[in-house]
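Colleague: So I've got this file, run_0.txt, and it contains compact mmCIF, C-alpha atoms and all ligand atoms:
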# COMPACT_ATOMS: atom_id res chain seq x y z
CA PRO A 1 -25.58 -9.97 1.01
CA ILE A 2 -25.05 -7.32 3.67
CA ILE A 3 -21.74 -8.07 5.36
CA LEU A 4 -20.50 -6.57 8.62
CA SER A 5 -16.70 -6.74 8.75
CA ILE A 6 -14.24 -6.29 11.61
CA GLU A 7 -10.51 -5.49 11.45
CA SER A 8 -8.38 -5.49 14.63
CA SER A 9 -5.00 -6.94 13.62
CA CYS A 10 -2.77 -4.15 14.90
CA ASP A 11 -3.61 -0.79 16.50
CA ASP A 12 -6.70 0.31 14.54
CA THR A 13 -10.18 -0.89 15.47
CA SER A 14 -12.34 -0.81 12.36
CA ALA A 15 -15.83 -1.93 11.30
CA ALA A 16 -17.49 -1.66 7.89
CA VAL A 17 -20.74 -2.59 6.19
CA LEU A 18 -20.88 -3.68 2.54
CA LYS A 19 -23.94 -4.44 0.45
CA GLY A 20 -22.51 -6.75 -2.21
CA ARG A 21 -19.37 -4.91 -3.30
CA GLN A 22 -20.86 -1.54 -2.44
CA LEU A 23 -19.37 0.13 0.63
CA LEU A 24 -22.03 1.54 2.97
CA SER A 25 -19.78 2.55 5.89
CA ASN A 26 -16.17 2.23 7.06
CA ILE A 27 -15.35 3.43 10.58
CA THR A 28 -11.89 3.34 12.14
CA ALA A 29 -10.77 4.28 15.65
CA ASN A 30 -7.03 4.99 15.77
CA GLN A 31 -5.18 4.36 19.01
CA SER A 32 -3.11 7.31 20.18
CA VAL A 33 -1.85 5.56 23.35
CA HIS A 34 1.18 4.17 21.44
CA LYS A 35 2.67 7.54 20.46
CA ALA A 36 4.47 7.94 23.81
CA TYR A 37 6.24 4.58 23.29
CA GLY A 38 7.49 5.10 19.72
CA GLY A 39 5.70 1.97 18.50
CA VAL A 40 2.69 -0.26 19.09
CA VAL A 41 2.53 -1.82 22.59
CA PRO A 42 0.59 -5.10 22.11
CA GLU A 43 -1.04 -5.18 25.56
CA LEU A 44 -2.25 -1.58 25.26
CA ALA A 45 -3.53 -2.26 21.74
CA SER A 46 -5.58 -5.20 22.92
CA ARG A 47 -7.13 -3.17 25.74
CA ALA A 48 -7.97 -0.26 23.44
CA HIS A 49 -9.65 -2.66 20.97
CA GLN A 50 -11.88 -3.88 23.81
CA GLN A 51 -12.94 -0.31 24.54
CA ASN A 52 -13.44 0.66 20.90
CA ILE A 53 -15.05 -2.36 19.29
CA ILE A 54 -18.69 -1.88 20.32
CA PRO A 55 -18.92 1.87 19.63
CA VAL A 56 -17.10 1.41 16.30
CA VAL A 57 -19.49 -1.37 15.18
CA GLU A 58 -22.52 0.66 16.30
CA GLN A 59 -21.28 3.66 14.36
CA ALA A 60 -20.69 1.54 11.23
CA ILE A 61 -24.22 0.10 11.40
CA LYS A 62 -25.71 3.54 12.00
CA GLU A 63 -23.83 5.18 9.14
CA ALA A 64 -24.77 2.33 6.78
CA ASN A 65 -28.39 3.12 7.62
CA ILE A 66 -29.25 -0.53 8.25
CA LYS A 67 -30.53 -2.53 11.23
CA LYS A 68 -28.61 -5.33 12.97
CA GLU A 69 -31.28 -7.76 11.66
CA ASP A 70 -30.36 -6.87 8.05
CA ILE A 71 -26.83 -8.29 8.38
CA THR A 72 -26.35 -11.52 6.35
CA ALA A 73 -22.86 -12.51 7.50
CA VAL A 74 -19.90 -11.33 9.61
CA ALA A 75 -16.34 -11.23 8.28
CA PHE A 76 -13.30 -10.73 10.51
CA THR A 77 -9.50 -10.64 10.25
CA ARG A 78 -8.14 -14.00 11.36
CA GLY A 79 -4.49 -12.98 10.88
CA PRO A 80 -1.68 -12.14 10.47
CA GLY A 81 -1.26 -9.64 13.31
CA LEU A 82 -0.87 -9.26 17.04
CA LEU A 83 -2.63 -12.17 18.73
CA GLY A 84 -4.10 -10.09 21.59
CA SER A 85 -5.51 -7.61 19.06
CA LEU A 86 -6.86 -10.29 16.72
CA LEU A 87 -8.58 -12.04 19.64
CA VAL A 88 -10.79 -9.01 20.34
CA GLY A 89 -12.11 -8.77 16.76
CA ALA A 90 -12.44 -12.55 16.41
CA SER A 91 -14.33 -12.93 19.70
CA PHE A 92 -16.68 -10.11 18.80
CA ALA A 93 -17.35 -11.48 15.31
CA LYS A 94 -17.90 -15.03 16.57
CA SER A 95 -20.33 -13.90 19.30
CA PHE A 96 -22.25 -11.68 16.89
CA ALA A 97 -22.58 -14.41 14.25
CA MET A 98 -23.48 -17.06 16.79
CA ALA A 99 -26.10 -14.90 18.52
CA ARG A 100 -27.77 -13.97 15.22
CA LYS A 101 -27.25 -17.47 13.71
CA ILE A 102 -25.60 -16.07 10.58
CA PRO A 103 -22.47 -17.26 8.72
CA LEU A 104 -19.00 -16.30 9.93
CA ILE A 105 -16.21 -15.60 7.40
CA GLU A 106 -12.49 -15.57 8.24
CA VAL A 107 -10.31 -13.20 6.23
CA ASN A 108 -6.56 -13.09 5.67
CA HIS A 109 -5.46 -9.48 6.35
CA MET A 110 -2.90 -9.45 3.50
CA GLN A 111 -5.51 -10.70 1.00
CA GLY A 112 -7.77 -7.93 2.33
CA HIS A 113 -5.16 -5.26 1.54
CA ILE A 114 -5.03 -6.52 -2.07
CA LEU A 115 -8.76 -7.10 -2.60
CA ALA A 116 -9.52 -3.53 -1.43
CA HIS A 117 -9.14 -2.67 -5.14
CA PHE A 118 -12.54 -4.30 -5.77
CA ILE A 119 -14.59 -2.16 -3.37
CA GLU A 120 -17.33 -0.21 -5.17
CA ASP A 121 -17.69 3.35 -3.92
CA GLN A 122 -18.16 6.93 -5.06
CA ASN A 123 -14.60 6.96 -6.49
CA ASN A 124 -15.69 4.63 -9.32
CA LEU A 125 -12.09 3.63 -10.07
CA PRO A 126 -11.35 1.01 -12.77
CA LYS A 127 -10.74 -2.46 -11.30
CA PRO A 128 -7.83 -4.74 -12.22
CA SER A 129 -8.69 -7.96 -14.09
CA PHE A 130 -7.03 -11.30 -13.37
CA PRO A 131 -4.18 -12.08 -13.32
CA PHE A 132 -2.52 -8.93 -11.99
CA LEU A 133 0.47 -8.17 -9.80
CA CYS A 134 0.22 -6.39 -6.46
CA LEU A 135 3.09 -4.79 -4.57
CA THR A 136 1.90 -4.97 -0.98
CA VAL A 137 3.87 -2.51 1.13
CA SER A 138 2.81 -2.19 4.74
CA GLY A 139 4.10 -2.01 8.28
CA GLY A 140 4.85 -5.72 8.48
CA HIS A 141 5.07 -6.87 4.86
CA THR A 142 6.70 -6.04 1.56
CA GLN A 143 5.84 -8.54 -1.13
CA ILE A 144 5.07 -8.86 -4.81
CA VAL A 145 2.02 -11.07 -5.22
CA LYS A 146 0.59 -12.60 -8.39
CA VAL A 147 -3.19 -12.55 -8.04
CA ASP A 148 -4.88 -15.15 -10.26
CA SER A 149 -8.36 -14.80 -8.78
CA PRO A 150 -9.90 -13.49 -5.53
CA TYR A 151 -8.93 -16.88 -4.07
CA GLU A 152 -5.48 -17.53 -5.56
CA PHE A 153 -2.38 -15.64 -4.45
CA GLU A 154 1.24 -16.47 -5.22
CA ILE A 155 4.24 -14.70 -3.68
CA ILE A 156 6.74 -13.76 -6.40
CA GLY A 157 9.20 -12.02 -4.07
CA GLN A 158 9.35 -10.47 -0.61
CA THR A 159 11.56 -8.74 1.91
CA ILE A 160 14.21 -10.83 3.61
CA ASP A 161 14.30 -8.51 6.65
CA ASP A 162 12.43 -5.23 7.35
CA ALA A 163 9.23 -4.19 5.58
CA ALA A 164 9.12 -0.90 3.66
CA GLY A 165 6.80 0.68 6.25
CA GLU A 166 9.15 -0.50 8.99
CA ALA A 167 12.05 1.16 7.14
CA PHE A 168 10.11 4.44 6.95
CA ASP A 169 9.21 4.22 10.65
CA LYS A 170 12.65 3.15 11.95
CA ILE A 171 14.56 5.76 9.92
CA SER A 172 12.03 8.41 11.00
CA LYS A 173 12.73 7.43 14.60
CA ILE A 174 16.49 7.87 14.03
CA ILE A 175 15.87 11.44 12.83
CA GLY A 176 13.57 12.15 15.77
CA LEU A 177 10.11 11.99 14.18
CA PRO A 178 7.22 10.53 16.24
CA TYR A 179 5.63 7.14 15.44
CA PRO A 180 4.46 6.29 12.83
CA GLY A 181 7.04 8.28 10.91
CA GLY A 182 6.08 7.19 7.36
CA PRO A 183 3.39 9.85 6.74
CA LEU A 184 5.61 12.56 8.31
CA MET A 185 8.61 11.64 6.19
CA ASP A 186 6.33 11.89 3.14
CA LYS A 187 5.23 15.36 4.28
CA PHE A 188 8.73 16.76 4.94
CA ALA A 189 10.08 15.16 1.74
CA LYS A 190 7.83 17.43 -0.31
CA GLU A 191 10.11 20.41 0.50
CA GLY A 192 13.39 18.53 -0.03
CA ASN A 193 15.76 17.44 -2.79
CA PRO A 194 15.50 13.65 -3.39
CA LYS A 195 19.03 13.60 -4.85
CA ALA A 196 20.67 15.53 -1.98
CA PHE A 197 22.12 12.38 -0.39
CA ALA A 198 22.69 8.99 -2.02
CA PHE A 199 22.24 5.67 -0.22
CA THR A 200 23.22 2.29 -1.62
CA HIS A 201 20.66 -0.23 -2.84
CA PRO A 202 20.75 -3.75 -1.33
CA LYS A 203 21.95 -6.82 -3.20
CA VAL A 204 19.30 -9.54 -2.92
CA GLY A 205 17.48 -12.10 -5.08
CA ALA A 206 15.93 -10.76 -8.30
CA PHE A 207 12.42 -10.17 -6.90
CA ASP A 208 13.26 -9.80 -3.22
CA PHE A 209 13.73 -6.75 -1.00
CA SER A 210 15.92 -5.78 1.95
CA PHE A 211 15.69 -2.61 4.00
CA SER A 212 17.73 -3.22 7.15
CA GLY A 213 20.97 -2.20 5.40
CA LEU A 214 19.46 1.13 4.38
CA LYS A 215 18.46 1.80 7.99
CA THR A 216 22.05 1.15 9.17
CA GLY A 217 23.47 3.12 6.24
CA VAL A 218 21.37 6.17 7.13
CA LEU A 219 22.32 5.83 10.82
CA TYR A 220 26.09 5.75 10.08
CA PHE A 221 25.79 8.59 7.57
CA LEU A 222 23.99 10.80 10.11
CA GLN A 223 26.43 9.93 12.93
CA LYS A 224 29.32 11.00 10.70
CA GLU A 225 27.63 14.27 9.65
CA ILE A 226 26.50 15.12 13.20
CA LYS A 227 30.16 14.97 14.32
CA LYS A 228 30.87 17.83 11.89
CA ASN A 229 27.61 19.70 12.50
CA PRO A 230 25.51 18.85 15.58
CA ASP A 231 22.49 20.47 13.90
CA PHE A 232 22.87 18.44 10.68
CA VAL A 233 19.46 16.73 10.96
CA LYS A 234 17.62 19.93 11.83
CA ASP A 235 19.39 21.89 9.07
CA ASN A 236 18.73 19.23 6.41
CA LEU A 237 15.47 17.58 7.51
CA ALA A 238 13.61 17.98 4.21
CA ASP A 239 16.57 16.81 2.12
CA ILE A 240 17.16 13.79 4.37
CA CYS A 241 13.47 12.81 4.19
CA ALA A 242 13.32 13.31 0.42
CA SER A 243 16.52 11.30 -0.14
CA VAL A 244 15.48 8.39 2.10
CA GLN A 245 12.00 8.27 0.58
CA HIS A 246 13.46 8.42 -2.93
CA THR A 247 15.77 5.49 -2.13
CA ILE A 248 12.97 3.33 -0.68
CA VAL A 249 10.61 4.04 -3.60
CA SER A 250 13.39 3.43 -6.16
CA ILE A 251 14.21 0.04 -4.60
CA LEU A 252 10.51 -0.90 -4.60
CA LEU A 253 9.81 0.11 -8.19
CA LYS A 254 13.04 -1.26 -9.68
CA THR A 255 12.18 -4.71 -8.32
CA TYR A 256 8.50 -4.40 -9.24
CA LYS A 257 9.44 -3.60 -12.86
CA LYS A 258 11.69 -6.68 -12.99
CA ALA A 259 8.83 -8.88 -11.72
CA ALA A 260 6.43 -7.38 -14.26
CA LYS A 261 8.86 -8.04 -17.10
CA ASN A 262 9.53 -11.58 -15.92
CA THR A 263 5.86 -12.56 -15.54
CA GLY A 264 4.71 -10.62 -18.61
CA ILE A 265 1.87 -9.15 -16.54
CA LYS A 266 1.13 -5.51 -17.37
CA GLN A 267 -1.44 -4.76 -14.68
CA LEU A 268 0.33 -3.43 -11.62
CA ALA A 269 -1.43 -2.64 -8.34
CA ILE A 270 -0.13 -1.39 -5.00
CA ALA A 271 -1.65 -1.97 -1.56
CA GLY A 272 -0.95 -1.51 2.16
CA GLY A 273 -0.07 1.51 4.29
CA VAL A 274 2.97 2.59 2.24
CA SER A 275 0.80 2.75 -0.90
CA ALA A 276 -0.38 6.06 0.64
CA ASN A 277 3.12 7.45 -0.05
CA SER A 278 2.92 10.31 -2.53
CA GLU A 279 6.21 9.57 -4.33
CA LEU A 280 5.34 5.89 -4.77
CA ARG A 281 1.88 6.81 -6.12
CA LYS A 282 3.32 9.41 -8.51
CA ARG A 283 6.16 7.26 -9.87
CA LEU A 284 3.95 4.18 -10.31
CA LYS A 285 1.48 6.31 -12.27
CA GLU A 286 4.35 7.56 -14.47
CA MET A 287 5.10 3.94 -15.40
CA GLU A 288 1.81 3.95 -17.36
CA THR A 289 3.05 6.56 -19.82
CA ASN A 290 6.71 5.52 -19.75
CA TYR A 291 6.34 1.74 -19.97
CA GLY A 292 2.74 1.04 -21.03
CA TYR A 293 1.60 -0.57 -17.78
CA GLU A 294 -1.92 -0.27 -16.36
CA THR A 295 -1.61 0.78 -12.75
CA TYR A 296 -4.08 0.53 -9.85
CA ILE A 297 -3.62 2.85 -6.89
CA PRO A 298 -6.07 2.51 -3.97
CA PRO A 299 -7.94 5.52 -2.54
CA MET A 300 -6.16 6.77 0.59
CA SER A 301 -8.89 5.39 2.87
CA TYR A 302 -8.09 1.79 1.86
CA CYS A 303 -4.27 2.01 2.18
CA THR A 304 -3.75 1.66 5.92
CA ASP A 305 -5.74 -0.85 7.95
CA ASN A 306 -9.52 -0.67 7.53
CA ALA A 307 -12.49 -3.03 7.74
CA ALA A 308 -13.79 -2.24 4.22
CA MET A 309 -10.98 -4.36 2.76
CA ILE A 310 -11.94 -7.23 5.10
CA GLY A 311 -15.56 -6.84 3.97
CA ILE A 312 -14.77 -7.13 0.26
CA ALA A 313 -12.56 -10.18 0.86
CA GLY A 314 -15.45 -11.58 2.93
CA PHE A 315 -17.85 -10.91 0.05
CA PHE A 316 -15.78 -13.08 -2.32
CA LYS A 317 -15.72 -15.89 0.25
CA PHE A 318 -19.47 -15.51 0.82
CA LYS A 319 -20.06 -16.08 -2.93
CA ASN A 320 -18.16 -19.38 -2.56
CA LYS A 321 -20.02 -20.27 0.65
CA ASP A 322 -16.60 -20.43 2.28
CA PHE A 323 -17.72 -20.10 5.90
CA ALA A 324 -15.79 -20.60 9.14
CA PRO A 325 -16.90 -22.64 12.16
CA TYR A 326 -17.90 -20.65 15.26
CA THR A 327 -15.02 -22.37 17.09
CA ILE A 328 -12.30 -20.84 14.87
CA SER A 329 -9.23 -19.19 16.48
CA PRO A 330 -7.17 -16.27 15.15
CA MET A 331 -3.59 -16.86 13.99
CA ALA A 332 -0.68 -14.42 14.45
CA ARG A 333 1.15 -15.76 11.40
CA MET A 334 -0.58 -16.42 8.09
CA SER A 335 0.78 -16.24 4.53
CA VAL A 336 -1.09 -14.36 1.82
CA ALA A 337 -0.75 -17.53 -0.26
CA ASN A 338 -3.07 -20.06 1.34
P1 LIG B 1 0.62 -5.44 7.94
O1 LIG B 1 -0.48 -5.05 7.01
O2 LIG B 1 1.87 -5.86 7.25
O3 LIG B 1 0.17 -6.39 8.98
P2 LIG B 1 0.14 -2.94 9.27
O4 LIG B 1 -1.27 -3.37 9.12
O5 LIG B 1 0.63 -2.50 10.60
O6 LIG B 1 1.08 -4.10 8.74
P3 LIG B 1 -0.54 -0.84 7.47
O7 LIG B 1 -1.57 -0.24 8.36
O8 LIG B 1 -0.97 -1.45 6.23
O9 LIG B 1 0.46 -1.81 8.26
O10 LIG B 1 0.51 0.31 7.14
C1 LIG B 1 1.15 1.06 8.15
C2 LIG B 1 2.51 1.51 7.61
O11 LIG B 1 2.33 2.41 6.51
C3 LIG B 1 3.35 2.25 8.64
O12 LIG B 1 4.66 1.73 8.60
C4 LIG B 1 3.32 3.70 8.13
O13 LIG B 1 4.47 4.45 8.46
C5 LIG B 1 3.22 3.48 6.65
N1 LIG B 1 2.70 4.66 5.94
C6 LIG B 1 1.47 5.22 6.03
N2 LIG B 1 1.37 6.31 5.25
C7 LIG B 1 2.59 6.48 4.65
C8 LIG B 1 3.14 7.43 3.74
N3 LIG B 1 2.43 8.45 3.28
N4 LIG B 1 4.43 7.26 3.36
C9 LIG B 1 5.17 6.23 3.82
N5 LIG B 1 4.71 5.31 4.68
C10 LIG B 1 3.44 5.43 5.10
FE FE B 2 -2.19 -3.93 7.36
Could I get this file's structure written as structure tokens?
Modeller:
Amino acid sequence: PIILSIESSCDDTSAAVLKGRQLLSNITANQSVHKAYGGVVPELASRAHQQNIIPVVEQAIKEANIKKEDITAVAFTRGPGLLGSLLVGASFAKSFAMARKIPLIEVNHMQGHILAHFIEDQNNLPKPSFPFLCLTVSGGHTQIVKVDSPYEFEIIGQTIDDAAGEAFDKISKIIGLPYPGGPLMDKFAKEGNPKAFAFTHPKVGAFDFSFSGLKTGVLYFLQKEIKKNPDFVKDNLADICASVQHTIVSILLKTYKKAAKNTGIKQLAIAGGVSANSELRKRLKEMETNYGYETYIPPMSYCTDNAAMIGIAGFFKFKNKDFAPYTISPMARMSVAN
């Protein structure tokens, strides 16, 4: 099948075309309007999606070198995400499918992040086989998922408060970096010493995470240091970034290792926006040589939100003839385990 897919759950409008598992195009329009507000403003996101959706879809079709008539089915993100944002993608997908009388496929965004590992492209990366574990680390989620098939997902552990991406962004905001701070913290950390400052790890259930304590810990630490040296952040930016990043990645991997040991599963994948983090990628890879795991790290283009991942999840549902009615509504809250 040739599947057109739409992703609009947060602040990126994206459309992709897949032929089977093969990616033909993947176009994303980022929204810069939110920068001035230090975070995503839902109403502005929804309006920007309305402006972007048609040009983004047209570009995806053009780059895939296909005609509208060639499209077999339309897949879209049903949730989780911002309702006003989801509505734009869902309405577009429903209208397109209805007008062309082709099947409509609803996709769970968190399953999309994980299934991105199965996209066929020029990278030709090895694919995980089932069952495997996936550490999904994004702006809204941090969870360890056992993936038994493209249709079966079980949450082994998850964050009890902030997500890892949220921790990166909130701590970046405290030190004065613009939104989203995660990629910038990664950049500045490259010049810093990860052991310069130590922050305590949270005490939570064996396979769970918590990041709100780290955020408060960093805030109090900086307030104390700034009293002694008002330029403390400026003078130590790289070391602060490296130390915070090192703490977040250590918390993530310590828990992931425990889950791997407990389940006996040796195939470990990562997914979501924070899987773009260079320290996380490097230290997960090192676990192959140090502990004998097989690791799966997505290409950068499938880490943060994109429609290619919705297309591949849609492809698996297409194979099962798992189609949605044209009357379907998006849902702001949806678990990866359905
Ligand atoms: P969800 O998927 O949970 O609904 P989302 O779609 O908003 O949330 P993603 O687009 O998957 O989230 O990821 C965005 C997050 O990834 C942001 O918090 C961003 O700071 C973080 N991020 C992106 N690149 C990096 C990086 N190199 N290092 C650390 N964090 C990063
Ligand atoms: Fe996402």
Colleague: Report, in Å to a single decimal, how far apart CA of Met185 in chain A and CA of Lys173 in chain A are.
Modeller: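 Value for the CA of Lys173 in chain A-CA of Met185 in chain A distance: 10.3 Å.
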Colleague: Counting all atoms listed in the file, what is within 7 Å of Tyr326 in chain A, bar same-chain residues fewer than 4 positions away, as a PyMOL selection string?
Modeller: chain A and resi 94+98+104
Colleague: When you look at Val249 in chain A with a cut-off of 12 Å (counting all atoms listed in the file), what residues show up, excluding the ones that are within fewer than 3 positions of it in the same chain? I need them as number ranges by chain.
Modeller: A: 135, 137, 142, 164-165, 167-168, 186, 194, 201, 209, 211, 242-246, 252-256, 274-284
Colleague: Let me have all residues with an atom within 12 Å of ligand FE 2 (chain B), counting all atoms listed in the file, laid out as a VMD selection string.
Modeller: chain A and resid 7 to 14 77 79 to 82 108 to 114 116 136 to 142 163 165 to 166 271 to 275 302 to 307 309 to 310 336
Colleague: What does the distance between CA of Lys190 in chain A and CA of Glu288 in chain A come to in Å, to one decimal place?
Modeller: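 Answer for the CA of Lys190 in chain A to CA of Glu288 in chain A separation: 22.6 Å.
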Colleague: With a distance cut-off of 8 Å and all atoms listed in the file, select the neighbouring residues of range 143-146 of chain A, excluding the residue or stretch itself and same-chain residues fewer than 2 positions from it, and output the selection as a PyMOL selection string.
Modeller: chain A and resi 131-137+141+148+153-159+207-208+256+259
Colleague: Would you save the residues from that selection as a tab-separated table (two decimals), keeping the file's coordinate frame, using C-alpha atoms?
Modeller:
chain	number	residue	atom	x	y	z
A	131	PRO	CA	-4.18	-12.08	-13.32
A	132	PHE	CA	-2.52	-8.93	-11.99
A	133	LEU	CA	0.47	-8.17	-9.80
A	134	CYS	CA	0.22	-6.39	-6.46
A	135	LEU	CA	3.09	-4.79	-4.57
A	136	THR	CA	1.90	-4.97	-0.98
A	137	VAL	CA	3.87	-2.51	1.13
A	141	HIS	CA	5.07	-6.87	4.86
A	148	ASP	CA	-4.88	-15.15	-10.26
A	153	PHE	CA	-2.38	-15.64	-4.45
A	154	GLU	CA	1.24	-16.47	-5.22
A	155	ILE	CA	4.24	-14.70	-3.68
A	156	ILE	CA	6.74	-13.76	-6.40
A	157	GLY	CA	9.20	-12.02	-4.07
A	158	GLN	CA	9.35	-10.47	-0.61
A	159	THR	CA	11.56	-8.74	1.91
A	207	PHE	CA	12.42	-10.17	-6.90
A	208	ASP	CA	13.26	-9.80	-3.22
A	256	TYR	CA	8.50	-4.40	-9.24
A	259	ALA	CA	8.83	-8.88	-11.72
Colleague: Which residue, A:Lys224, A:Lys187, A:Lys321, A:Lys195, has the smallest gap to ligand LIG 1 (chain B) when you use all atoms listed in the file?
Modeller: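 Closest residue, counting all atoms listed in the file: A:Lys187.
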Colleague: What is the CA of Ile265 in chain A to CA of Pro298 in chain A distance in Å?
Modeller: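 Interatomic distance, CA of Ile265 in chain A to CA of Pro298 in chain A: 18.9 Å.
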Colleague: List as a count of residues only the protein and nucleic acid residues near Leu184 in chain A, meaning an atom at most 10 Å away when all atoms listed in the file are counted, but skip any in the same chain fewer than 3 places from it.
Modeller: 12
Colleague: Restricting the calculation to all atoms listed in the file: of A:Glu69, A:Glu106, A:Asp162, A:Asp239, which residue gets closest to ligand LIG 1 (chain B)?
Modeller: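 Nearest candidate to ligand LIG 1 (chain B) out of A:Glu69, A:Glu106, A:Asp162, A:Asp239: A:Asp162.
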Colleague: Taking only C-alpha atoms and all ligand atoms into account, name the residue in A:Ala73, A:Ala60, A:Val40, A:Ile160 that is nearest to ligand LIG 1 (chain B).
Modeller: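 Checking each candidate against ligand LIG 1 (chain B), we get A:Val40 as the closest.
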Colleague: For each of A:Phe130, A:Phe76, A:Tyr220, A:Phe197, take the minimum atom-to-atom distance to Phe315 in chain A, counting all atoms listed in the file, then give the residue where this is smallest.
Modeller: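 So, comparing all the options, the nearest one is A:Phe76.
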Colleague: Using only C-alpha atoms and all ligand atoms, which of the listed residues (A:Gly38, A:Pro150, A:Pro126, A:Pro1) sits closest to ligand LIG 1 (chain B)?
Modeller: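 Of A:Gly38, A:Pro150, A:Pro126, A:Pro1, the one nearest ligand LIG 1 (chain B) is A:Gly38, counting only C-alpha atoms and all ligand atoms.
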Colleague: For each of A:Ser25, A:Gln122, A:Ser85, A:Asn52, take the minimum atom-to-atom distance to ligand LIG 1 (chain B), counting only C-alpha atoms and all ligand atoms, then give the residue where this is smallest.
Modeller: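 Closest residue, counting only C-alpha atoms and all ligand atoms: A:Ser85.
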Colleague: Neighbouring residues of Leu23 in chain A were defined as those with any atom within 7 Å, considering all atoms listed in the file; residues of the same chain fewer than 3 positions away were excluded. Please report them as a list in words.
Modeller: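 The contact residues come out as Val17, Leu18, Lys19, Ile119, Glu120 and Asp121 of chain A.
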Colleague: Grab range 103-146 of chain A from that structure and dump C-alpha atoms to a file, as an mmCIF file, in the first residue's frame.
Modeller:
data_model
loop_
_atom_site.group_PDB
_atom_site.id
_atom_site.type_symbol
_atom_site.label_atom_id
_atom_site.label_comp_id
_atom_site.auth_asym_id
_atom_site.auth_seq_id
_atom_site.Cartn_x
_atom_site.Cartn_y
_atom_site.Cartn_z
ATOM 1 C CA PRO A 103 -9.479 3.542 4.436
ATOM 2 C CA LEU A 104 -8.653 5.692 7.450
ATOM 3 C CA ILE A 105 -6.206 4.420 10.105
ATOM 4 C CA GLU A 106 -5.910 5.851 13.635
ATOM 5 C CA VAL A 107 -2.465 5.719 15.228
ATOM 6 C CA ASN A 108 -1.358 6.006 18.850
ATOM 7 C CA HIS A 109 1.486 8.566 18.918
ATOM 8 C CA MET A 110 3.500 6.648 21.555
ATOM 9 C CA GLN A 111 3.271 3.414 19.518
ATOM 10 C CA GLY A 112 4.436 5.484 16.534
ATOM 11 C CA HIS A 113 7.571 6.626 18.390
ATOM 12 C CA ILE A 114 8.440 2.961 19.077
ATOM 13 C CA LEU A 115 7.520 1.515 15.668
ATOM 14 C CA ALA A 116 9.726 4.129 13.927
ATOM 15 C CA HIS A 117 12.446 1.475 14.293
ATOM 16 C CA PHE A 118 10.778 -0.510 11.485
ATOM 17 C CA ILE A 119 10.895 2.201 8.799
ATOM 18 C CA GLU A 120 12.933 1.123 5.763
ATOM 19 C CA ASP A 121 15.156 3.869 4.410
ATOM 20 C CA GLN A 122 18.634 4.570 3.081
ATOM 21 C CA ASN A 123 20.101 4.042 6.591
ATOM 22 C CA ASN A 124 19.434 0.288 6.325
ATOM 23 C CA LEU A 125 19.699 -0.168 10.101
ATOM 24 C CA PRO A 126 19.078 -3.606 11.666
ATOM 25 C CA LYS A 127 15.546 -3.959 13.076
ATOM 26 C CA PRO A 128 14.699 -5.319 16.539
ATOM 27 C CA SER A 129 12.840 -8.649 16.665
ATOM 28 C CA PHE A 130 10.011 -9.372 19.102
ATOM 29 C CA PRO A 131 9.895 -9.179 22.038
ATOM 30 C CA PHE A 132 12.126 -6.179 22.729
ATOM 31 C CA LEU A 133 12.182 -3.384 25.280
ATOM 32 C CA CYS A 134 11.860 0.284 24.369
ATOM 33 C CA LEU A 135 12.755 3.216 26.595
ATOM 34 C CA THR A 136 10.493 5.958 25.270
ATOM 35 C CA VAL A 137 11.805 9.328 26.400
ATOM 36 C CA SER A 138 9.973 12.359 25.071
ATOM 37 C CA GLY A 139 8.518 15.700 26.048
ATOM 38 C CA GLY A 140 5.482 14.177 27.729
ATOM 39 C CA HIS A 141 6.460 10.577 28.465
ATOM 40 C CA THR A 142 9.195 8.486 30.022
ATOM 41 C CA GLN A 143 8.364 4.810 30.011
ATOM 42 C CA ILE A 144 9.886 1.379 29.582
ATOM 43 C CA VAL A 145 7.676 -0.626 27.245
ATOM 44 C CA LYS A 146 7.792 -4.344 26.468
#
